[in-house]
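Next comes entry10.cif, with mmCIF, C-alpha atoms.
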```
data_start
loop_
_atom_site.label_atom_id
_atom_site.label_comp_id
_atom_site.auth_asym_id
_atom_site.auth_seq_id
_atom_site.Cartn_x
_atom_site.Cartn_y
_atom_site.Cartn_z
CA MET A 1 25.32 -9.24 -9.39
CA THR A 2 23.71 -9.02 -5.97
CA GLY A 3 20.83 -11.21 -4.95
CA PHE A 4 18.64 -8.15 -4.64
CA LYS A 5 19.36 -6.89 -8.12
CA ARG A 6 18.82 -10.40 -9.43
CA THR A 7 15.42 -10.49 -7.77
CA LEU A 8 14.61 -6.97 -8.95
CA ILE A 9 15.41 -7.81 -12.56
CA LEU A 10 13.54 -11.09 -12.28
CA LEU A 11 10.43 -9.32 -11.16
CA LEU A 12 10.83 -6.84 -14.01
CA SER A 13 11.42 -9.36 -16.76
CA LEU A 14 10.50 -12.82 -15.42
CA THR A 15 13.27 -14.19 -17.65
CA LEU A 16 16.29 -14.06 -15.35
CA THR A 17 18.36 -17.16 -14.73
CA THR A 18 20.26 -17.73 -11.53
CA SER A 19 23.60 -18.15 -13.22
CA CYS A 20 24.01 -14.63 -14.69
CA GLY A 21 26.97 -16.00 -16.58
CA GLN A 22 28.73 -17.13 -13.41
CA PRO A 23 29.70 -20.68 -12.39
CA ASN A 24 27.37 -22.79 -10.33
CA LEU A 25 28.03 -21.99 -6.69
CA LEU A 26 27.72 -25.66 -5.83
CA THR A 27 30.93 -26.43 -7.71
CA ASP A 28 32.85 -24.46 -5.07
CA VAL A 29 31.36 -26.06 -1.98
CA SER A 30 31.63 -29.61 -0.77
CA GLU A 31 28.42 -29.67 1.25
CA THR A 32 25.00 -29.02 -0.23
CA ASP A 33 23.68 -27.92 3.15
CA SER A 34 26.22 -25.10 3.62
CA ASP A 35 24.85 -21.56 3.84
CA GLU A 36 26.28 -20.73 0.42
CA ALA A 37 24.65 -23.76 -1.15
CA LEU A 38 21.34 -23.02 0.57
CA PHE A 39 21.42 -19.44 -0.70
CA PHE A 40 22.05 -20.68 -4.22
CA GLU A 41 19.09 -23.04 -3.85
CA ALA A 42 16.88 -20.22 -2.53
CA LYS A 43 17.73 -18.09 -5.56
CA LYS A 44 16.83 -20.98 -7.86
CA LYS A 45 13.45 -21.19 -6.12
CA ILE A 46 12.96 -17.45 -6.69
CA ASP A 47 13.78 -17.88 -10.38
CA LYS A 48 11.08 -20.56 -10.54
CA LEU A 49 8.61 -18.27 -8.71
CA GLU A 50 8.52 -20.75 -5.82
CA TRP A 51 8.27 -18.00 -3.23
CA SER A 52 7.34 -20.01 -0.14
CA ALA A 53 10.11 -22.54 -0.75
CA ALA A 54 12.70 -19.75 -1.04
CA ILE A 55 11.41 -18.12 2.14
CA ASP A 56 11.60 -21.42 4.01
CA ILE A 57 15.23 -21.96 3.01
CA ILE A 58 16.33 -18.49 4.09
CA GLU A 59 14.31 -18.26 7.28
CA ASN A 60 14.49 -21.84 8.53
CA GLN A 61 17.52 -23.60 7.06
CA MET A 62 20.32 -21.01 6.94
CA SER A 63 22.35 -19.94 9.94
CA ASP A 64 21.09 -16.72 11.51
CA GLY A 65 24.31 -14.87 10.81
CA TYR A 66 24.38 -15.74 7.12
CA ALA A 67 20.66 -15.05 6.66
CA ALA A 68 21.17 -11.58 8.15
CA GLN A 69 23.48 -10.50 5.30
CA VAL A 70 22.06 -7.68 3.21
CA ASP A 71 22.06 -9.60 -0.08
CA VAL A 72 20.24 -12.52 1.54
CA GLN A 73 17.69 -10.20 3.14
CA GLU A 74 17.16 -8.48 -0.21
CA ALA A 75 16.43 -11.84 -1.79
CA LEU A 76 14.06 -12.64 1.07
CA ALA A 77 12.23 -9.34 0.53
CA GLY A 78 11.90 -10.20 -3.16
CA ALA A 79 10.45 -13.60 -2.33
CA TYR A 80 7.89 -12.05 -0.01
CA ALA A 81 7.03 -9.49 -2.69
CA GLY A 82 6.36 -12.31 -5.13
CA LYS A 83 4.28 -14.16 -2.56
CA CYS A 84 2.28 -10.97 -2.02
CA GLY A 85 0.88 -11.37 -5.53
CA PHE A 86 2.60 -8.99 -7.93
CA THR A 87 5.55 -8.59 -10.25
CA PHE A 88 7.51 -5.43 -10.91
CA VAL A 89 6.79 -5.63 -14.63
CA ASP A 90 3.04 -5.27 -13.93
CA ILE A 91 3.49 -2.18 -11.84
CA ILE A 92 6.25 -0.40 -13.77
CA ASN A 93 4.50 -0.94 -17.10
CA GLY A 94 1.22 0.13 -15.56
CA LEU A 95 2.76 3.32 -14.22
CA LYS A 96 4.43 4.13 -17.52
CA ASN A 97 1.38 3.47 -19.66
CA SER A 98 -1.45 4.75 -17.49
CA SER A 99 -3.23 8.01 -18.22
CA SER A 100 -5.21 7.77 -14.97
CA THR A 101 -4.95 10.38 -12.24
CA SER A 102 -7.24 8.44 -9.90
CA ILE A 103 -4.41 6.85 -8.00
CA PHE A 104 -6.37 4.68 -5.56
CA PRO A 105 -8.59 2.91 -8.13
CA PHE A 106 -5.58 2.66 -10.46
CA PHE A 107 -3.33 1.05 -7.85
CA MET A 108 -6.11 -1.43 -7.11
CA SER A 109 -6.58 -2.21 -10.82
CA ILE A 110 -2.93 -3.26 -11.22
CA PHE A 111 -3.63 -6.38 -9.20
CA ALA A 112 -6.65 -7.59 -11.18
CA GLY A 113 -6.77 -11.36 -11.30
CA ASN A 114 -3.97 -11.84 -8.78
CA THR A 115 -4.25 -13.80 -5.57
CA LEU A 116 -3.25 -11.29 -2.92
CA ASP A 117 -1.38 -11.88 0.33
CA THR A 118 -1.15 -8.52 2.09
CA SER A 119 0.79 -9.93 5.05
CA ALA A 120 3.56 -10.98 2.65
CA CYS A 121 3.73 -7.42 1.31
CA ASP A 122 3.99 -6.15 4.87
CA ARG A 123 6.87 -8.51 5.60
CA SER A 124 8.74 -7.41 2.48
CA ILE A 125 8.34 -3.76 3.50
CA SER A 126 9.64 -4.42 7.00
CA ILE A 127 12.75 -6.10 5.59
CA ILE A 128 13.66 -3.22 3.27
CA THR A 129 12.95 -0.52 5.88
CA SER A 130 15.24 -2.36 8.30
CA PHE A 131 18.18 -1.31 6.11
CA GLY A 132 17.88 2.26 7.39
CA SER A 133 16.49 5.63 6.35
CA VAL A 134 15.79 6.75 2.81
CA LEU A 135 19.30 8.28 2.69
CA GLN A 136 20.94 5.15 4.05
CA ARG A 137 19.27 2.79 1.58
CA THR A 138 20.47 2.35 -2.00
CA ASN A 139 18.45 3.75 -4.90
CA ASP A 140 17.50 0.19 -5.90
CA GLN A 141 16.22 -0.46 -2.39
CA ASN A 142 14.21 2.77 -2.42
CA LEU A 143 12.65 1.93 -5.78
CA PHE A 144 11.82 -1.54 -4.50
CA LEU A 145 10.22 0.01 -1.42
CA THR A 146 8.23 2.49 -3.52
CA ILE A 147 6.75 -0.35 -5.55
CA LEU A 148 5.96 -2.13 -2.29
CA GLY A 149 4.13 1.00 -1.12
CA ILE A 150 1.98 0.84 -4.26
CA ALA A 151 1.44 -2.86 -3.63
CA ARG A 152 0.40 -2.21 -0.02
CA ILE A 153 -2.26 0.24 -1.22
CA GLY A 154 -3.47 -1.87 -4.14
CA THR A 155 -3.59 -5.16 -2.27
CA THR A 156 -5.27 -3.67 0.80
CA LEU A 157 -7.98 -1.98 -1.26
CA GLY A 158 -8.37 -4.91 -3.65
CA ALA A 159 -8.72 -7.50 -0.90
CA LYS A 160 -11.58 -5.51 0.63
CA LEU A 161 -13.31 -3.70 -2.24
CA ASP A 162 -12.73 -6.08 -5.17
CA PRO A 163 -13.66 -9.65 -4.14
CA THR A 164 -14.18 -10.61 -7.80
CA LEU A 165 -10.55 -9.64 -8.58
CA ASP A 166 -11.46 -7.80 -11.78
CA GLY A 167 -9.53 -4.69 -10.75
CA VAL A 168 -12.63 -2.57 -10.15
CA ALA A 169 -14.42 -1.90 -6.85
CA ASP A 170 -17.54 -4.03 -6.86
CA GLY A 171 -20.93 -2.34 -6.56
CA VAL A 172 -22.23 1.21 -6.24
CA TYR A 173 -20.23 3.63 -4.14
CA LYS A 174 -21.75 4.58 -0.77
CA THR A 175 -24.40 1.86 -1.27
CA ASP A 176 -22.32 -1.29 -1.69
CA PHE A 177 -18.95 0.01 -0.48
CA ASN A 178 -17.69 2.99 1.47
CA VAL A 179 -14.20 4.33 2.24
CA CYS A 180 -15.21 6.96 4.79
CA HIS A 181 -16.11 5.08 7.96
CA ASN A 182 -14.75 2.53 10.38
CA TYR A 183 -17.57 -0.01 10.41
CA SER A 184 -17.24 -2.92 12.81
CA GLY A 185 -20.40 -4.98 12.20
CA ALA A 186 -22.33 -6.79 9.52
CA PRO A 187 -23.76 -4.98 6.46
CA GLY A 188 -26.98 -3.18 7.26
CA THR A 189 -26.12 -2.57 10.90
CA ASN A 190 -25.36 0.85 12.34
CA THR A 191 -21.89 0.02 13.59
CA ALA A 192 -19.64 2.90 12.58
CA THR A 193 -17.26 3.64 15.43
CA ASP A 194 -16.12 7.11 14.45
CA GLY A 195 -18.58 9.08 16.53
CA TRP A 196 -21.73 9.48 14.45
CA PRO A 197 -24.70 9.31 14.49
CA PRO A 198 -26.06 9.38 18.03
CA ALA A 199 -28.99 7.09 18.86
CA ASN A 200 -31.46 9.99 18.52
CA PRO A 201 -29.77 12.46 16.19
CA VAL A 202 -30.60 16.13 16.16
CA PRO A 203 -29.69 18.63 13.42
CA PRO A 204 -25.90 18.85 13.22
CA ALA A 205 -23.97 21.72 14.68
CA PRO A 206 -21.48 23.77 12.66
CA ILE A 207 -17.96 22.44 12.43
CA ASP A 208 -15.97 22.95 15.61
CA PRO A 209 -12.38 23.75 14.53
CA ALA A 210 -11.14 22.46 17.89
CA ASN A 211 -12.63 19.03 17.25
CA PRO A 212 -12.73 18.40 13.48
CA LEU A 213 -12.13 14.66 13.41
CA SER A 214 -15.51 13.21 14.24
CA ILE A 215 -16.87 11.80 10.98
CA PRO A 216 -20.63 11.31 10.59
CA ALA A 217 -21.59 7.89 9.26
CA PRO A 218 -24.59 6.65 7.28
CA ALA A 219 -27.20 4.77 9.27
CA ALA A 220 -26.32 1.36 7.84
CA ALA A 221 -23.04 -0.33 7.06
CA PRO A 222 -22.49 -1.20 3.36
CA ASN A 223 -21.36 -4.62 2.13
CA ARG A 224 -17.72 -3.54 2.04
CA SER A 225 -15.84 -0.77 3.80
CA ILE A 226 -12.34 0.22 4.84
CA THR A 227 -11.63 -0.14 8.55
CA ASP A 228 -9.26 2.17 10.39
CA THR A 229 -6.65 -0.60 10.38
CA GLU A 230 -6.91 -0.91 6.60
CA ALA A 231 -6.99 2.87 6.07
CA LYS A 232 -3.79 3.14 8.11
CA LYS A 233 -2.18 0.59 5.81
CA VAL A 234 -3.18 2.70 2.82
CA ALA A 235 -1.84 5.82 4.56
CA SER A 236 1.49 4.17 5.32
CA GLY A 237 1.67 2.82 1.76
CA ILE A 238 1.30 6.26 0.25
CA GLY A 239 3.71 7.59 2.89
CA ILE A 240 6.31 5.14 1.58
CA ILE A 241 5.69 6.42 -1.96
CA PHE A 242 5.95 10.07 -0.87
CA GLU A 243 9.19 9.37 1.00
CA ASN A 244 10.78 7.68 -2.02
CA MET A 245 9.25 9.76 -4.81
CA SER A 246 12.63 10.61 -6.34
CA ALA A 247 13.40 6.91 -6.88
CA LEU A 248 10.10 6.47 -8.70
CA ALA A 249 10.59 9.63 -10.75
CA ALA A 250 13.92 8.25 -11.97
CA VAL A 251 12.18 5.42 -13.85
CA LEU A 252 9.18 7.40 -15.11
CA SER A 253 9.38 10.02 -17.85
CA GLY A 254 8.60 13.65 -17.15
CA GLY A 255 4.93 14.50 -17.32
CA ASN A 256 3.83 10.97 -16.40
CA SER A 257 0.21 11.26 -15.30
CA THR A 258 0.51 8.94 -12.31
CA LEU A 259 3.64 10.69 -11.05
CA THR A 260 1.89 14.05 -11.43
CA ALA A 261 -1.14 12.68 -9.58
CA LEU A 262 1.08 11.47 -6.74
CA GLN A 263 2.71 14.89 -6.48
CA ASP A 264 -0.77 16.46 -6.39
CA ALA A 265 -1.81 13.95 -3.73
CA LEU A 266 1.14 14.97 -1.57
CA THR A 267 0.12 18.63 -1.91
CA GLN A 268 -3.50 17.79 -1.03
CA CYS A 269 -2.41 15.63 1.88
CA GLU A 270 -0.20 18.31 3.36
CA ALA A 271 -2.98 20.89 2.94
CA VAL A 272 -5.27 18.81 5.18
CA ALA A 273 -2.96 16.86 7.49
CA GLY A 274 -0.12 19.38 7.65
CA ALA A 275 3.38 19.38 6.17
CA GLY A 276 5.54 16.58 7.51
CA ASN A 277 2.59 14.39 8.50
CA CYS A 278 2.12 12.62 5.18
CA THR A 279 5.23 10.43 5.06
CA ALA A 280 4.28 7.93 7.76
CA THR A 281 5.75 4.64 6.56
CA ASN A 282 4.25 2.35 9.19
CA VAL A 283 0.75 2.14 10.64
CA ALA A 284 1.88 3.12 14.14
CA ALA A 285 2.95 6.55 12.82
CA VAL A 286 -0.40 7.37 11.17
CA THR A 287 -2.01 10.24 13.09
CA PRO A 288 -5.79 10.83 13.34
CA GLU A 289 -5.36 13.79 10.99
CA LEU A 290 -3.57 11.68 8.40
CA LEU A 291 -6.09 8.86 8.77
CA TYR A 292 -8.93 11.27 8.03
CA THR A 293 -6.99 12.87 5.16
CA ILE A 294 -6.47 9.52 3.43
CA ARG A 295 -10.20 8.83 3.69
CA VAL A 296 -10.87 12.24 2.14
CA LEU A 297 -8.51 11.52 -0.77
CA MET A 298 -10.05 8.07 -1.31
CA ASP A 299 -13.50 9.73 -1.36
CA SER A 300 -12.51 12.42 -3.88
CA SER A 301 -13.32 12.49 -7.59
CA ALA A 302 -9.76 13.33 -8.62
CA MET A 303 -7.95 10.55 -6.77
CA GLY A 304 -10.45 8.10 -5.32
CA PHE A 305 -13.82 6.42 -5.62
CA GLY A 306 -16.24 9.27 -4.86
CA THR A 307 -17.37 12.52 -6.44
CA CYS A 308 -16.30 15.11 -3.88
CA THR A 309 -13.69 17.86 -3.88
CA PRO A 310 -11.16 17.93 -1.01
CA GLY A 311 -11.31 21.11 1.03
CA THR A 312 -15.03 21.64 0.45
CA MET A 313 -16.88 21.42 3.75
CA PRO A 314 -20.40 22.36 4.88
CA ASP A 315 -20.41 25.52 6.94
CA ASP A 316 -24.03 25.74 7.99
CA PRO A 317 -26.21 23.38 10.08
CA GLY A 318 -28.78 23.37 7.29
CA ASP A 319 -26.37 22.21 4.60
CA ASP A 320 -27.21 18.91 2.95
CA LEU A 321 -24.93 16.28 4.48
CA ASN A 322 -25.31 14.14 1.36
CA ASN A 323 -24.00 16.87 -0.91
CA ALA A 324 -21.57 15.20 -3.33
CA ALA A 325 -19.10 18.05 -2.94
CA TYR A 326 -18.38 17.14 0.69
CA CYS A 327 -15.63 14.55 1.28
CA CYS A 328 -16.12 12.22 4.25
CA ILE A 329 -17.86 14.99 6.20
CA ARG A 330 -16.46 15.57 9.67
CA LEU A 331 -18.74 17.28 12.14
CA LYS A 332 -18.69 17.36 15.91
CA PRO A 333 -21.86 15.72 17.26
CA PRO A 334 -24.11 18.38 18.85
CA VAL A 335 -24.06 18.75 22.59
CA PRO A 336 -27.52 17.74 24.00
#
```
Turn the structure described in the file into structure tokens.
Amino acid sequence: MTGFKRTLILLLSLTLTTSCGQPNLLTDVSETDSDEALFFEAKKKIDKLEWSAAIDIIENQMSDGYAAQVDVQEALAGAYAGKCGFTFVDIINGLKNSSSTSIFPFFMSIFAGNTLDTSACDRSISIITSFGSVLQRTNDQNLFLTILGIARIGTTLGAKLDPTLDGVADGVYKTDFNVCHNYSGAPGTNTATDGWPPANPVPPAPIDPANPLSIPAPAAAPNRSITDTEAKKVASGIGIIFENMSALAAVLSGGNSTLTALQDALTQCEAVAGAGNCTATNVAAVTPELLYTIRVLMDSSAMGFGTCTPGTMPDDPGDDLNNAAYCCIRLKPPVP
């Protein structure tokens, strides 16, 4: 049994033992500080949910060559996933049992009550993606990565929108928290950096198709919001899920509501951002179009926290910019 499968099953059941019916590795080595012995010790730490200790052994005590082996790196990715703040059993059971189609609030709810370490999730993702493309990785690795994509979304949103860790965004939407704008200052200040509003606003102009990505912002920042850096993490998380959807579908029954919602989200994403732009798996690959699209989906009633319908946009300068049908409205500021 590989270290990765051992870690995968551990995270699914939390009952795995390191032995798996095989003899203690230490009986075959004369030195307890050999790479083999250290790897055995790291796996024992993983079995005991001692994530940081396992990481320290692999990253700081093993030889570089031994630590670079795929099975060791898989175990390291599993340790970082545990340190991130989730177990596979939570997510898989949640996906199987959920009737929710609101994927962003649902992914955040999975992590209720957990202490979250988003940087550990990021490290786990980077390890698995280093094994190659979706076709070069094993199905187990792709499933692992898909769950990590869900974790990246849930932990990023939860760390920012759910400080009480009850699994629900805290406060009233658009008053206490907002997913549409890249605020950079304290609550109550007008610090959105996505191009709106000007100091002395005038009635908005119609949408300019040549420049659709300037998003108007409310006058004051709410208590909690999603920055561009965080929105890009969410975008790359869902890109990971989209890229590995077949691995997820293999463990979920047909007609699963979350799987259907994810397939709908891919369709919606491609309708706004364009086909081929929705499978960015790292933040550097997230385009402005995809960044905006993810904000739209997070603002929608079907998938996110708001009440709008993606694709509905104001087409007249006199339209009410607060109309609930409009998702994260994007208008070019009028030319003076």
Determine, counting only C-alpha atoms, which protein, DNA and RNA residues have an atom within 9 Å of an atom of Met298 in chain A; residues of the same chain fewer than 6 positions away are not included. Present the result as a PyMOL selection string. chain A and resi 103-105+179-180+304-306+327
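Between CA of Ile147 in chain A and CA of Gln73 in chain A the interatomic distance comes to 17.1 Å.
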Proximity to Lys160 in chain A - best of A:Leu38, A:Ala221, A:Ile226, A:Cys308, all atoms listed in the file: A:Ile226
Counting all atoms listed in the file, which residue out of A:Cys328, A:Glu41, A:Asn139, A:Leu148 sits closest to Thr87 in chain A? A:Leu148
List, as an mmCIF file with C-alpha atoms, in the frame of the given file, every residue that the PyMOL selection byres ((chain A and resi 82) around 9) selects in the file provided.
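And here's selection_25.cif as it stands now:
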```
data_model
loop_
_atom_site.group_PDB
_atom_site.id
_atom_site.type_symbol
_atom_site.label_atom_id
_atom_site.label_comp_id
_atom_site.auth_asym_id
_atom_site.auth_seq_id
_atom_site.Cartn_x
_atom_site.Cartn_y
_atom_site.Cartn_z
ATOM 1 C CA LEU A 11 10.430 -9.320 -11.160
ATOM 2 C CA ILE A 46 12.960 -17.450 -6.690
ATOM 3 C CA LEU A 49 8.610 -18.270 -8.710
ATOM 4 C CA GLU A 50 8.520 -20.750 -5.820
ATOM 5 C CA TRP A 51 8.270 -18.000 -3.230
ATOM 6 C CA ALA A 77 12.230 -9.340 0.530
ATOM 7 C CA GLY A 78 11.900 -10.200 -3.160
ATOM 8 C CA ALA A 79 10.450 -13.600 -2.330
ATOM 9 C CA TYR A 80 7.890 -12.050 -0.010
ATOM 10 C CA ALA A 81 7.030 -9.490 -2.690
ATOM 11 C CA LYS A 83 4.280 -14.160 -2.560
ATOM 12 C CA CYS A 84 2.280 -10.970 -2.020
ATOM 13 C CA GLY A 85 0.880 -11.370 -5.530
ATOM 14 C CA PHE A 86 2.600 -8.990 -7.930
ATOM 15 C CA THR A 87 5.550 -8.590 -10.250
ATOM 16 C CA ALA A 120 3.560 -10.980 2.650
ATOM 17 C CA CYS A 121 3.730 -7.420 1.310
#
```
State, in Å with one decimal place, the distance from CA of Ile127 in chain A to CA of Leu157 in chain A.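 Result for CA of Ile127 in chain A versus CA of Leu157 in chain A: 22.2 Å, one decimal.
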Could you check the closest approach to Thr101 in chain A for each of A:Asp228, A:Asp264, A:Asp33, A:Asp162 and tell me which residue wins, using all atoms listed in the file?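 Ranking A:Asp228, A:Asp264, A:Asp33, A:Asp162 by distance to Thr101 in chain A, first place goes to A:Asp264.
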Just the number, please: distance in Å from CA of Asn182 in chain A to CA of Ser300 in chain A, one decimal.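 Taking CA of Asn182 in chain A as the start and CA of Ser300 in chain A as the end point, the length is 17.5 Å.
The shortest atom-to-atom distance to Met303 in chain A, with only C-alpha atoms taken into account, belongs to A:Leu262 out of A:Leu262, A:Ala280, A:Ile240, A:Val168.
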May I have the residues within 9 Å of Asn244 in chain A as a list in words, using only C-alpha atoms and disregarding those fewer than 2 positions away in the same chain?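 My reading of the contact set: Val134, Asn142, Leu143, Leu145, Thr146, Gly239, Ile240, Ile241, Phe242, Ser246, Ala247, Leu248 and Ala249 of chain A.
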What lies within 12 Å of Gly94 in chain A using only C-alpha atoms, ignoring chain neighbours under 6 positions off, as a ChimeraX atom specification? /A:12,86-88,100,103,106-112,147,150,252,256-259
Filtering to C-alpha atoms, could you give me those residues as a tab-separated table (two decimals), in the frame of the given file?
```tsv
chain	number	residue	atom	x	y	z
A	12	LEU	CA	10.83	-6.84	-14.01
A	86	PHE	CA	2.60	-8.99	-7.93
A	87	THR	CA	5.55	-8.59	-10.25
A	88	PHE	CA	7.51	-5.43	-10.91
A	100	SER	CA	-5.21	7.77	-14.97
A	103	ILE	CA	-4.41	6.85	-8.00
A	106	PHE	CA	-5.58	2.66	-10.46
A	107	PHE	CA	-3.33	1.05	-7.85
A	108	MET	CA	-6.11	-1.43	-7.11
A	109	SER	CA	-6.58	-2.21	-10.82
A	110	ILE	CA	-2.93	-3.26	-11.22
A	111	PHE	CA	-3.63	-6.38	-9.20
A	112	ALA	CA	-6.65	-7.59	-11.18
A	147	ILE	CA	6.75	-0.35	-5.55
A	150	ILE	CA	1.98	0.84	-4.26
A	252	LEU	CA	9.18	7.40	-15.11
A	256	ASN	CA	3.83	10.97	-16.40
A	257	SER	CA	0.21	11.26	-15.30
A	258	THR	CA	0.51	8.94	-12.31
A	259	LEU	CA	3.64	10.69	-11.05
```
So that I can check the surroundings of range 270-273 of chain A, please list as an MDAnalysis selection string every protein, DNA and RNA residue that reaches within 9 Å of it, counting all atoms listed in the file and ignoring chain neighbours fewer than 5 positions away. chainID A and resid 265 278 287:293 310:311
